[in-house]
file my_file.txt (compact mmCIF, C-alpha atoms)
# COMPACT_ATOMS: atom_id res chain seq x y z
CA MET A 87 120.69 117.95 94.83
CA LYS A 88 120.18 114.27 95.66
CA LEU A 89 118.45 113.23 98.85
CA THR A 90 117.96 109.79 100.32
CA LEU A 91 114.28 109.74 101.20
CA LEU A 92 112.59 107.78 103.96
CA LEU A 93 110.72 104.71 102.67
CA SER A 94 111.89 105.40 99.13
CA THR A 95 109.77 108.48 98.58
CA LEU A 96 109.08 111.95 99.83
CA LEU A 97 106.94 111.78 102.96
CA TYR A 98 104.12 114.25 102.37
CA ALA A 99 102.61 115.73 105.52
CA THR A 100 99.11 116.50 104.25
CA SER A 101 95.54 116.32 105.41
CA ALA A 102 94.44 114.55 102.23
CA LYS A 103 92.41 111.36 102.36
CA PRO A 104 92.55 108.46 99.87
CA THR A 105 89.75 108.34 97.32
CA GLN A 106 88.53 105.92 94.68
CA LEU A 107 89.77 106.40 91.14
CA ARG A 108 87.26 108.35 89.09
CA LYS A 109 86.38 107.54 85.48
CA ARG A 110 88.83 108.96 82.97
CA GLU A 111 88.82 109.51 79.23
CA LEU A 112 91.52 107.51 77.48
CA SER A 113 93.60 109.26 74.86
CA GLY A 114 94.88 106.36 72.77
CA ILE A 115 97.28 103.45 72.42
CA THR A 116 100.88 103.86 73.58
CA ASP A 117 103.34 101.41 72.03
CA TYR A 118 105.90 101.66 74.82
CA PHE A 119 105.67 102.68 78.48
CA GLU A 120 108.28 102.30 81.21
CA CYS A 121 108.33 103.08 84.91
CA ILE A 122 110.30 102.32 88.06
CA LEU A 123 108.61 100.18 90.72
CA ILE A 124 108.96 101.75 94.16
CA GLU A 125 107.45 101.45 97.62
CA ILE A 126 105.60 104.53 98.84
CA ALA A 127 104.43 105.45 102.33
CA THR A 128 101.53 107.82 102.88
CA GLU A 129 100.89 109.23 106.34
CA TYR A 130 97.51 110.76 107.11
CA GLU A 131 96.80 112.85 110.17
CA ASN A 132 95.44 110.74 113.03
CA GLU A 133 95.56 107.60 110.87
CA GLN A 134 97.98 104.76 110.44
CA SER A 135 100.46 105.01 107.59
CA THR A 136 99.72 103.08 104.40
CA PHE A 137 102.26 101.37 102.18
CA GLU A 138 101.89 100.36 98.54
CA HIS A 139 103.79 99.66 95.35
CA ILE A 140 103.61 102.41 92.77
CA CYS A 141 104.88 102.94 89.26
CA GLN A 142 107.02 106.06 88.81
CA GLY A 143 107.16 107.00 85.12
CA ARG A 144 108.59 109.90 83.18
CA ASP A 145 107.33 113.43 83.73
CA PRO A 146 107.25 116.12 80.99
CA ASN A 147 110.96 116.76 81.65
CA GLY A 148 111.83 113.12 81.02
CA ASP A 149 112.61 112.30 84.65
CA PHE A 150 111.15 109.32 86.51
CA ASP A 151 109.16 111.53 88.89
CA MET A 152 105.52 111.06 87.82
CA ILE A 153 103.29 108.59 89.64
CA TYR A 154 101.13 106.54 87.27
CA ASN A 155 98.05 104.56 88.18
CA ILE A 156 97.97 101.28 86.26
CA ILE A 157 94.56 99.70 85.69
CA ASP A 158 94.81 96.06 84.65
CA ASN A 159 91.29 95.29 83.48
CA ASN A 160 92.62 92.52 81.24
CA ASP A 161 94.57 90.61 83.91
CA VAL A 162 97.78 90.57 81.92
CA LEU A 163 100.17 91.88 84.60
CA PRO A 164 101.96 89.53 87.00
CA ASP A 165 101.57 89.28 90.75
CA LEU A 166 104.89 90.82 91.79
CA ASP A 167 105.12 88.92 95.07
CA GLU A 168 104.32 85.56 93.47
CA GLU A 169 106.89 86.24 90.75
CA GLY A 170 109.53 86.85 93.41
CA TYR A 171 109.88 90.64 93.06
CA ASP A 172 110.23 92.07 96.56
CA ILE A 173 109.48 95.75 95.96
CA LYS A 174 109.38 96.71 99.63
CA ASP A 175 113.01 95.73 100.23
CA ASN A 176 114.14 96.55 96.69
CA SER A 177 112.38 99.81 95.97
CA GLY A 178 113.76 101.39 92.81
CA ARG A 179 115.49 98.22 91.65
CA TYR A 180 113.05 97.08 88.97
CA LYS A 181 111.82 98.75 85.81
CA LEU A 182 108.43 97.71 84.39
CA ILE A 183 108.10 97.92 80.60
CA LEU A 184 104.66 97.69 78.98
CA THR A 185 103.60 97.69 75.34
CA ASN A 186 100.21 98.36 73.74
CA VAL A 187 98.58 100.20 76.65
CA MET A 188 96.04 103.00 76.83
CA GLU A 189 97.25 106.29 78.29
CA ASN A 190 95.62 109.55 79.29
CA SER A 191 96.76 112.76 80.93
CA ASP A 192 95.78 112.03 84.55
CA PRO A 193 98.18 110.08 84.32
CA VAL A 194 96.66 106.61 84.07
CA ILE A 195 97.79 103.57 82.12
CA SER A 196 95.26 100.85 81.24
CA THR A 197 96.17 97.46 79.83
CA THR A 198 94.66 96.05 76.65
CA PRO A 199 94.31 92.40 75.53
CA ASP A 200 97.50 92.94 73.50
CA THR A 201 99.57 94.36 76.37
CA THR A 202 102.90 92.66 77.02
CA TRP A 203 105.13 93.19 80.04
CA GLU A 204 108.78 92.87 80.98
CA ILE A 205 110.56 93.54 84.26
CA VAL A 206 114.19 94.65 84.06
CA ASP A 207 116.50 94.32 87.06
CA LEU A 208 118.46 97.59 87.32
CA GLU A 209 120.87 96.26 89.93
CA GLY A 210 124.34 96.95 88.58
CA GLY A 211 122.87 98.66 85.51
CA VAL A 212 122.99 102.23 84.29
CA ASP A 213 119.90 103.55 86.09
CA GLN A 214 121.57 103.89 89.47
CA SER A 215 119.92 107.22 90.39
CA ARG A 216 116.80 105.44 91.64
CA ARG A 217 118.88 103.17 93.86
CA LEU A 218 119.88 106.22 95.90
CA ALA A 219 116.39 106.12 97.42
CA VAL A 220 116.83 102.75 99.12
CA LYS A 221 119.96 103.12 101.20
CA THR A 222 119.52 100.85 104.22
CA MET A 223 122.67 101.61 106.22
CA GLY A 224 124.81 104.63 106.97
CA ILE A 225 123.98 108.33 107.07
CA SER A 226 121.14 109.57 104.86
CA THR A 227 119.54 112.96 104.28
CA LEU A 228 115.77 113.25 104.69
CA ALA A 229 113.37 115.95 103.47
CA ILE A 230 109.84 116.41 104.82
CA ILE A 231 107.41 118.13 102.44
CA ARG A 232 104.61 120.03 104.20
CA VAL A 233 101.81 120.65 101.68
CA ILE A 234 99.46 123.65 101.87
CA GLY A 235 96.37 123.69 99.66
CA ASN A 236 94.12 126.51 98.53
CA ASN A 237 92.13 128.43 101.16
CA ASN A 238 95.19 127.85 103.37
CA VAL A 239 94.17 124.24 104.16
CA GLN A 240 97.19 122.58 105.74
CA PRO A 241 98.30 119.94 108.27
CA SER A 242 97.72 120.71 111.92
CA LYS A 243 101.43 120.31 112.71
CA SER A 244 103.61 123.28 111.83
CA ALA A 245 106.92 123.00 109.99
CA ASP A 246 108.76 123.39 113.30
CA ALA A 247 106.62 120.67 114.93
CA LEU A 248 107.32 118.27 112.07
CA SER A 249 111.03 118.98 112.27
CA ASN A 250 110.95 118.28 115.98
CA ALA A 251 108.98 115.04 115.53
CA PHE A 252 111.33 113.72 112.85
CA PHE A 253 114.69 115.10 113.93
CA GLY A 254 114.30 116.30 117.53
CA THR A 255 115.29 119.86 116.63
CA SER A 256 113.36 121.17 119.65
CA GLY A 257 114.16 118.33 122.00
CA ASP A 258 111.51 115.66 121.22
CA PRO A 259 113.00 112.61 123.00
CA GLN A 260 111.13 110.13 120.76
CA ASN A 261 111.90 111.65 117.39
CA LEU A 262 112.19 109.44 114.32
CA ARG A 263 115.90 110.07 113.81
CA LYS A 264 116.69 108.92 117.34
CA ARG A 265 114.50 105.80 117.08
CA TYR A 266 116.15 104.69 113.83
CA ASP A 267 119.58 105.39 115.32
CA LEU A 268 118.84 103.31 118.44
CA CYS A 269 117.03 100.45 116.66
CA SER A 270 119.83 100.08 114.10
CA PHE A 271 122.57 100.38 116.73
CA GLY A 272 123.87 103.47 115.01
CA LYS A 273 123.90 101.94 111.51
CA MET A 274 121.01 104.00 110.09
CA ILE A 275 120.94 107.73 110.69
CA PHE A 276 118.68 110.33 109.08
CA ASN A 277 119.94 113.91 109.05
CA PRO A 278 117.65 116.83 108.21
CA ALA A 279 118.05 118.26 104.71
CA ASN A 280 119.15 121.88 104.50
CA ASP A 281 119.97 123.78 101.33
CA GLY A 282 120.29 127.29 102.76
CA ARG A 283 117.28 128.52 100.78
CA HIS A 284 114.08 126.46 100.96
CA LEU A 285 114.81 123.51 103.25
CA ARG A 286 115.20 124.40 106.92
CA ASN A 287 115.76 121.77 109.60
CA GLY A 288 114.67 119.10 107.14
CA VAL A 289 111.30 120.63 106.24
CA VAL A 290 110.02 122.68 103.31
CA GLU A 291 106.53 124.03 102.74
CA ILE A 292 105.00 123.66 99.29
CA LYS A 293 101.81 125.45 98.23
CA VAL A 294 99.48 124.06 95.57
CA ASP A 295 96.63 126.14 94.18
CA GLU A 296 93.95 123.48 94.58
CA PRO A 297 92.17 121.51 97.30
CA ILE A 298 94.20 118.84 99.09
CA VAL A 299 91.38 117.30 101.14
CA GLY A 300 89.62 114.43 99.42
CA GLN A 301 91.99 114.41 96.44
CA ASP A 302 93.55 111.22 95.14
CA ILE A 303 96.92 111.02 96.89
CA HIS A 304 98.79 110.03 93.71
CA SER A 305 97.44 112.98 91.72
CA LEU A 306 98.33 115.28 94.60
CA SER A 307 101.84 113.82 94.77
CA ASN A 308 102.38 114.56 91.09
CA ARG A 309 101.27 118.17 91.52
CA VAL A 310 103.50 118.58 94.55
CA THR A 311 106.45 117.15 92.61
CA MET A 312 105.92 119.73 89.86
CA ALA A 313 105.56 122.51 92.46
CA ILE A 314 108.84 121.44 94.08
CA HIS A 315 110.62 121.60 90.74
CA ALA A 316 109.17 125.05 90.05
CA LYS A 317 110.21 126.35 93.48
CA PHE A 318 113.65 124.73 93.72
CA GLY A 319 114.63 124.77 90.08
CA TYR A 320 115.77 121.17 90.38
CA HIS A 321 114.44 117.75 91.40
CA LEU A 322 114.97 116.33 94.87

call {"tool": "encode", "arguments": {"input": "my_file.txt", "output": "structure tokens"}}
result
Amino acid sequence: MKLTLLLSTLLYATSAKPTQLRKRELSGITDYFECILIEIATEYENEQSTFEHICQGRDPNGDFDMIYNIIDNNDVLPDLDEEGYDIKDNSGRYKLILTNVMENSDPVISTTPDTTWEIVDLEGGVDQSRRLAVKTMGISTLAIIRVIGNNNVQPSKSADALSNAFFGTSGDPQNLRKRYDLCSFGKMIFNPANDGRHLRNGVVEIKVDEPIVGQDIHSLSNRVTMAIHAKFGYHL
């Protein structure tokens, strides 16, 4: 099942807060690492949304679904904006290839003095699956992932409230779908995802057996991605 996702990623409705990266033990040199550069939006309860570029590398199944933190202590990586790579408007278009980097299981990639980099433009290439996430006109399907942590810690808004806020399923006159429809003069429409099993009115609840408050949002996203695959049996 392929979904076009708002702002090029799943929008996680969580109560998690961003934290500083903790120290990690490195596992060794990796000769070759590749990931897709995408724009991610994170929305925290009662706070403004944050936007950032992230690197989506391969998960244990070989799919580009794992978020990697890249630590460039050796200042070898380029400034994407200065180099002319507009990730915000071209999310999923570019692949970053690194050599001679340190990798551990968090997952984190750290550069070394010998690290080299290359950016490959996927536009018109074979990796078109990532380009499905950046449709800017027409009708798209959107899934909202409501995350529940251990001890039943969860967002204050219910699944029904989120569906109403995003799609107006209970009559919210200022829902996101309506605002995008009006602002684009009918050229950009988000319909709620429904699969007849897990997704209902565009929302699915995912439980993770760990705390979600105070956890690094990228690590949480990776765990949620794996939980989605385990529950659905396929990737969104």

call {"tool": "residues_around", "arguments": {"input": "my_file.txt", "residues": "Lys181 in chain A", "least_positions_apart": "2", "cutoff": "12 Å", "atoms": "only C-alpha atoms", "output": "PyMOL selection string"}}
result
chain A and resi 119-124+140-144+150+171+173+176-179+183-184+203-209+211-214+216-217

call {"tool": "atom_distance", "arguments": {"input": "my_file.txt", "atom1": "CA of Asn186 in chain A", "atom2": "CA of Asp302 in chain A"}}
result
25.8 Å

call {"tool": "closest_residue", "arguments": {"input": "my_file.txt", "among": "A:Met312, A:Leu248, A:Ile231, A:Met152", "to": "Pro193 in chain A", "atoms": "all atoms listed in the file"}}
result
A:Met152

call {"tool": "closest_residue", "arguments": {"input": "my_file.txt", "among": "A:Asn308, A:Pro199, A:Ile126, A:Ile314", "to": "Val162 in chain A", "atoms": "all atoms listed in the file"}}
result
A:Pro199

call {"tool": "atom_distance", "arguments": {"input": "my_file.txt", "atom1": "CA of Ser270 in chain A", "atom2": "CA of Ala251 in chain A"}}
result
18.5 Å

call {"tool": "closest_residue", "arguments": {"input": "my_file.txt", "among": "A:Ala229, A:Val239, A:Ile234, A:Val194", "to": "Phe276 in chain A", "atoms": "only C-alpha atoms"}}
result
A:Ala229

call {"tool": "axis_aligned_box", "arguments": {"input": "my_file.txt", "around": "range 270-277 of chain A", "padding_each_side": "6 Å", "output": "lines of an AutoDock Vina configuration file"}}
result
center_x = 121.3
center_y = 107.0
center_z = 112.9
size_x = 17.2
size_y = 25.8
size_z = 19.7

call {"tool": "residues_around", "arguments": {"input": "my_file.txt", "residues": "Glu291 in chain A", "least_positions_apart": "4", "cutoff": "9 Å", "atoms": "all atoms listed in the file", "output": "list in words"}}
result
Ile230, Ile231, Arg232, Val233, Ile234, Ala245, His284 and Leu285 of chain A

call {"tool": "closest_residue", "arguments": {"input": "my_file.txt", "among": "A:Arg263, A:His304, A:Lys293, A:Arg286", "to": "Ala316 in chain A", "atoms": "only C-alpha atoms"}}
result
A:Lys293

call {"tool": "build_atoms", "arguments": {"input": "my_file.txt", "residues": "range 144-180 of chain A", "atoms": "N, CA and C atoms", "output": "PDB file, in the coordinates of the input"}}
result
ATOM      1  N   ARG A 144     107.942 108.645  83.571  1.00  0.00           N
ATOM      2  CA  ARG A 144     108.590 109.900  83.180  1.00  0.00           C
ATOM      3  C   ARG A 144     107.611 111.073  83.220  1.00  0.00           C
ATOM      4  N   ASP A 145     108.110 112.200  83.723  1.00  0.00           N
ATOM      5  CA  ASP A 145     107.330 113.430  83.730  1.00  0.00           C
ATOM      6  C   ASP A 145     107.618 114.196  82.429  1.00  0.00           C
ATOM      7  N   PRO A 146     107.002 115.372  82.227  1.00  0.00           N
ATOM      8  CA  PRO A 146     107.250 116.120  80.990  1.00  0.00           C
ATOM      9  C   PRO A 146     108.709 116.476  80.736  1.00  0.00           C
ATOM     10  N   ASN A 147     109.542 116.473  81.813  1.00  0.00           N
ATOM     11  CA  ASN A 147     110.960 116.760  81.650  1.00  0.00           C
ATOM     12  C   ASN A 147     111.797 115.524  81.348  1.00  0.00           C
ATOM     13  N   GLY A 148     111.123 114.357  81.310  1.00  0.00           N
ATOM     14  CA  GLY A 148     111.830 113.120  81.020  1.00  0.00           C
ATOM     15  C   GLY A 148     112.392 112.409  82.221  1.00  0.00           C
ATOM     16  N   ASP A 149     112.121 112.925  83.426  1.00  0.00           N
ATOM     17  CA  ASP A 149     112.610 112.300  84.650  1.00  0.00           C
ATOM     18  C   ASP A 149     111.581 111.322  85.200  1.00  0.00           C
ATOM     19  N   PHE A 150     112.053 110.292  85.907  1.00  0.00           N
ATOM     20  CA  PHE A 150     111.150 109.320  86.510  1.00  0.00           C
ATOM     21  C   PHE A 150     110.584 109.881  87.818  1.00  0.00           C
ATOM     22  N   ASP A 151     109.709 110.873  87.712  1.00  0.00           N
ATOM     23  CA  ASP A 151     109.160 111.530  88.890  1.00  0.00           C
ATOM     24  C   ASP A 151     107.633 111.594  88.897  1.00  0.00           C
ATOM     25  N   MET A 152     106.974 110.980  87.923  1.00  0.00           N
ATOM     26  CA  MET A 152     105.520 111.060  87.820  1.00  0.00           C
ATOM     27  C   MET A 152     104.889 109.733  88.241  1.00  0.00           C
ATOM     28  N   ILE A 153     103.969 109.794  89.189  1.00  0.00           N
ATOM     29  CA  ILE A 153     103.290 108.590  89.640  1.00  0.00           C
ATOM     30  C   ILE A 153     102.161 108.249  88.674  1.00  0.00           C
ATOM     31  N   TYR A 154     102.164 107.021  88.181  1.00  0.00           N
ATOM     32  CA  TYR A 154     101.130 106.540  87.270  1.00  0.00           C
ATOM     33  C   TYR A 154     100.267 105.501  87.959  1.00  0.00           C
ATOM     34  N   ASN A 155      98.961 105.620  87.783  1.00  0.00           N
ATOM     35  CA  ASN A 155      98.050 104.560  88.180  1.00  0.00           C
ATOM     36  C   ASN A 155      97.945 103.577  87.017  1.00  0.00           C
ATOM     37  N   ILE A 156      98.095 102.297  87.294  1.00  0.00           N
ATOM     38  CA  ILE A 156      97.970 101.280  86.260  1.00  0.00           C
ATOM     39  C   ILE A 156      96.718 100.453  86.538  1.00  0.00           C
ATOM     40  N   ILE A 157      95.811 100.449  85.578  1.00  0.00           N
ATOM     41  CA  ILE A 157      94.560  99.700  85.690  1.00  0.00           C
ATOM     42  C   ILE A 157      94.653  98.476  84.790  1.00  0.00           C
ATOM     43  N   ASP A 158      94.642  97.310  85.405  1.00  0.00           N
ATOM     44  CA  ASP A 158      94.810  96.060  84.650  1.00  0.00           C
ATOM     45  C   ASP A 158      93.473  95.348  84.517  1.00  0.00           C
ATOM     46  N   ASN A 159      92.610  95.884  83.686  1.00  0.00           N
ATOM     47  CA  ASN A 159      91.290  95.290  83.480  1.00  0.00           C
ATOM     48  C   ASN A 159      91.359  93.970  82.712  1.00  0.00           C
ATOM     49  N   ASN A 160      92.489  93.706  82.077  1.00  0.00           N
ATOM     50  CA  ASN A 160      92.620  92.520  81.240  1.00  0.00           C
ATOM     51  C   ASN A 160      93.451  91.410  81.880  1.00  0.00           C
ATOM     52  N   ASP A 161      93.840  91.632  83.146  1.00  0.00           N
ATOM     53  CA  ASP A 161      94.570  90.610  83.910  1.00  0.00           C
ATOM     54  C   ASP A 161      95.793  90.079  83.173  1.00  0.00           C
ATOM     55  N   VAL A 162      96.580  90.988  82.648  1.00  0.00           N
ATOM     56  CA  VAL A 162      97.780  90.570  81.920  1.00  0.00           C
ATOM     57  C   VAL A 162      99.056  90.788  82.740  1.00  0.00           C
ATOM     58  N   LEU A 163      98.980  91.567  83.814  1.00  0.00           N
ATOM     59  CA  LEU A 163     100.170  91.880  84.600  1.00  0.00           C
ATOM     60  C   LEU A 163     100.402  90.814  85.671  1.00  0.00           C
ATOM     61  N   PRO A 164     101.652  90.576  86.029  1.00  0.00           N
ATOM     62  CA  PRO A 164     101.960  89.530  87.000  1.00  0.00           C
ATOM     63  C   PRO A 164     101.713  89.977  88.427  1.00  0.00           C
ATOM     64  N   ASP A 165     101.560  89.007  89.317  1.00  0.00           N
ATOM     65  CA  ASP A 165     101.570  89.280  90.750  1.00  0.00           C
ATOM     66  C   ASP A 165     103.034  89.380  91.161  1.00  0.00           C
ATOM     67  N   LEU A 166     103.470  90.583  91.531  1.00  0.00           N
ATOM     68  CA  LEU A 166     104.890  90.820  91.790  1.00  0.00           C
ATOM     69  C   LEU A 166     105.438  89.924  92.893  1.00  0.00           C
ATOM     70  N   ASP A 167     104.654  89.748  93.958  1.00  0.00           N
ATOM     71  CA  ASP A 167     105.120  88.920  95.070  1.00  0.00           C
ATOM     72  C   ASP A 167     105.264  87.458  94.648  1.00  0.00           C
ATOM     73  N   GLU A 168     104.257  86.955  93.913  1.00  0.00           N
ATOM     74  CA  GLU A 168     104.320  85.560  93.470  1.00  0.00           C
ATOM     75  C   GLU A 168     105.455  85.328  92.487  1.00  0.00           C
ATOM     76  N   GLU A 169     105.794  86.367  91.715  1.00  0.00           N
ATOM     77  CA  GLU A 169     106.890  86.240  90.750  1.00  0.00           C
ATOM     78  C   GLU A 169     108.258  86.437  91.390  1.00  0.00           C
ATOM     79  N   GLY A 170     108.259  86.740  92.691  1.00  0.00           N
ATOM     80  CA  GLY A 170     109.530  86.850  93.410  1.00  0.00           C
ATOM     81  C   GLY A 170     110.152  88.237  93.402  1.00  0.00           C
ATOM     82  N   TYR A 171     109.354  89.267  93.064  1.00  0.00           N
ATOM     83  CA  TYR A 171     109.880  90.640  93.060  1.00  0.00           C
ATOM     84  C   TYR A 171     109.497  91.318  94.371  1.00  0.00           C
ATOM     85  N   ASP A 172     110.448  91.455  95.257  1.00  0.00           N
ATOM     86  CA  ASP A 172     110.230  92.070  96.560  1.00  0.00           C
ATOM     87  C   ASP A 172     110.455  93.571  96.436  1.00  0.00           C
ATOM     88  N   ILE A 173     109.358  94.310  96.188  1.00  0.00           N
ATOM     89  CA  ILE A 173     109.480  95.750  95.960  1.00  0.00           C
ATOM     90  C   ILE A 173     109.766  96.491  97.261  1.00  0.00           C
ATOM     91  N   LYS A 174     109.206  96.016  98.365  1.00  0.00           N
ATOM     92  CA  LYS A 174     109.380  96.710  99.630  1.00  0.00           C
ATOM     93  C   LYS A 174     110.858  96.822 100.013  1.00  0.00           C
ATOM     94  N   ASP A 175     111.595  95.731  99.858  1.00  0.00           N
ATOM     95  CA  ASP A 175     113.010  95.730 100.230  1.00  0.00           C
ATOM     96  C   ASP A 175     113.920  96.055  99.065  1.00  0.00           C
ATOM     97  N   ASN A 176     113.335  96.237  97.882  1.00  0.00           N
ATOM     98  CA  ASN A 176     114.140  96.550  96.690  1.00  0.00           C
ATOM     99  C   ASN A 176     113.514  97.687  95.900  1.00  0.00           C
ATOM    100  N   SER A 177     113.028  98.676  96.622  1.00  0.00           N
ATOM    101  CA  SER A 177     112.380  99.810  95.970  1.00  0.00           C
ATOM    102  C   SER A 177     113.348 100.513  95.033  1.00  0.00           C
ATOM    103  N   GLY A 178     112.911 100.735  93.794  1.00  0.00           N
ATOM    104  CA  GLY A 178     113.760 101.390  92.810  1.00  0.00           C
ATOM    105  C   GLY A 178     114.651 100.456  92.031  1.00  0.00           C
ATOM    106  N   ARG A 179     114.584  99.169  92.311  1.00  0.00           N
ATOM    107  CA  ARG A 179     115.490  98.220  91.650  1.00  0.00           C
ATOM    108  C   ARG A 179     114.952  97.746  90.299  1.00  0.00           C
ATOM    109  N   TYR A 180     113.625  97.689  90.165  1.00  0.00           N
ATOM    110  CA  TYR A 180     113.050  97.080  88.970  1.00  0.00           C
ATOM    111  C   TYR A 180     112.345  98.104  88.085  1.00  0.00           C
TER     112      TYR A 180
END
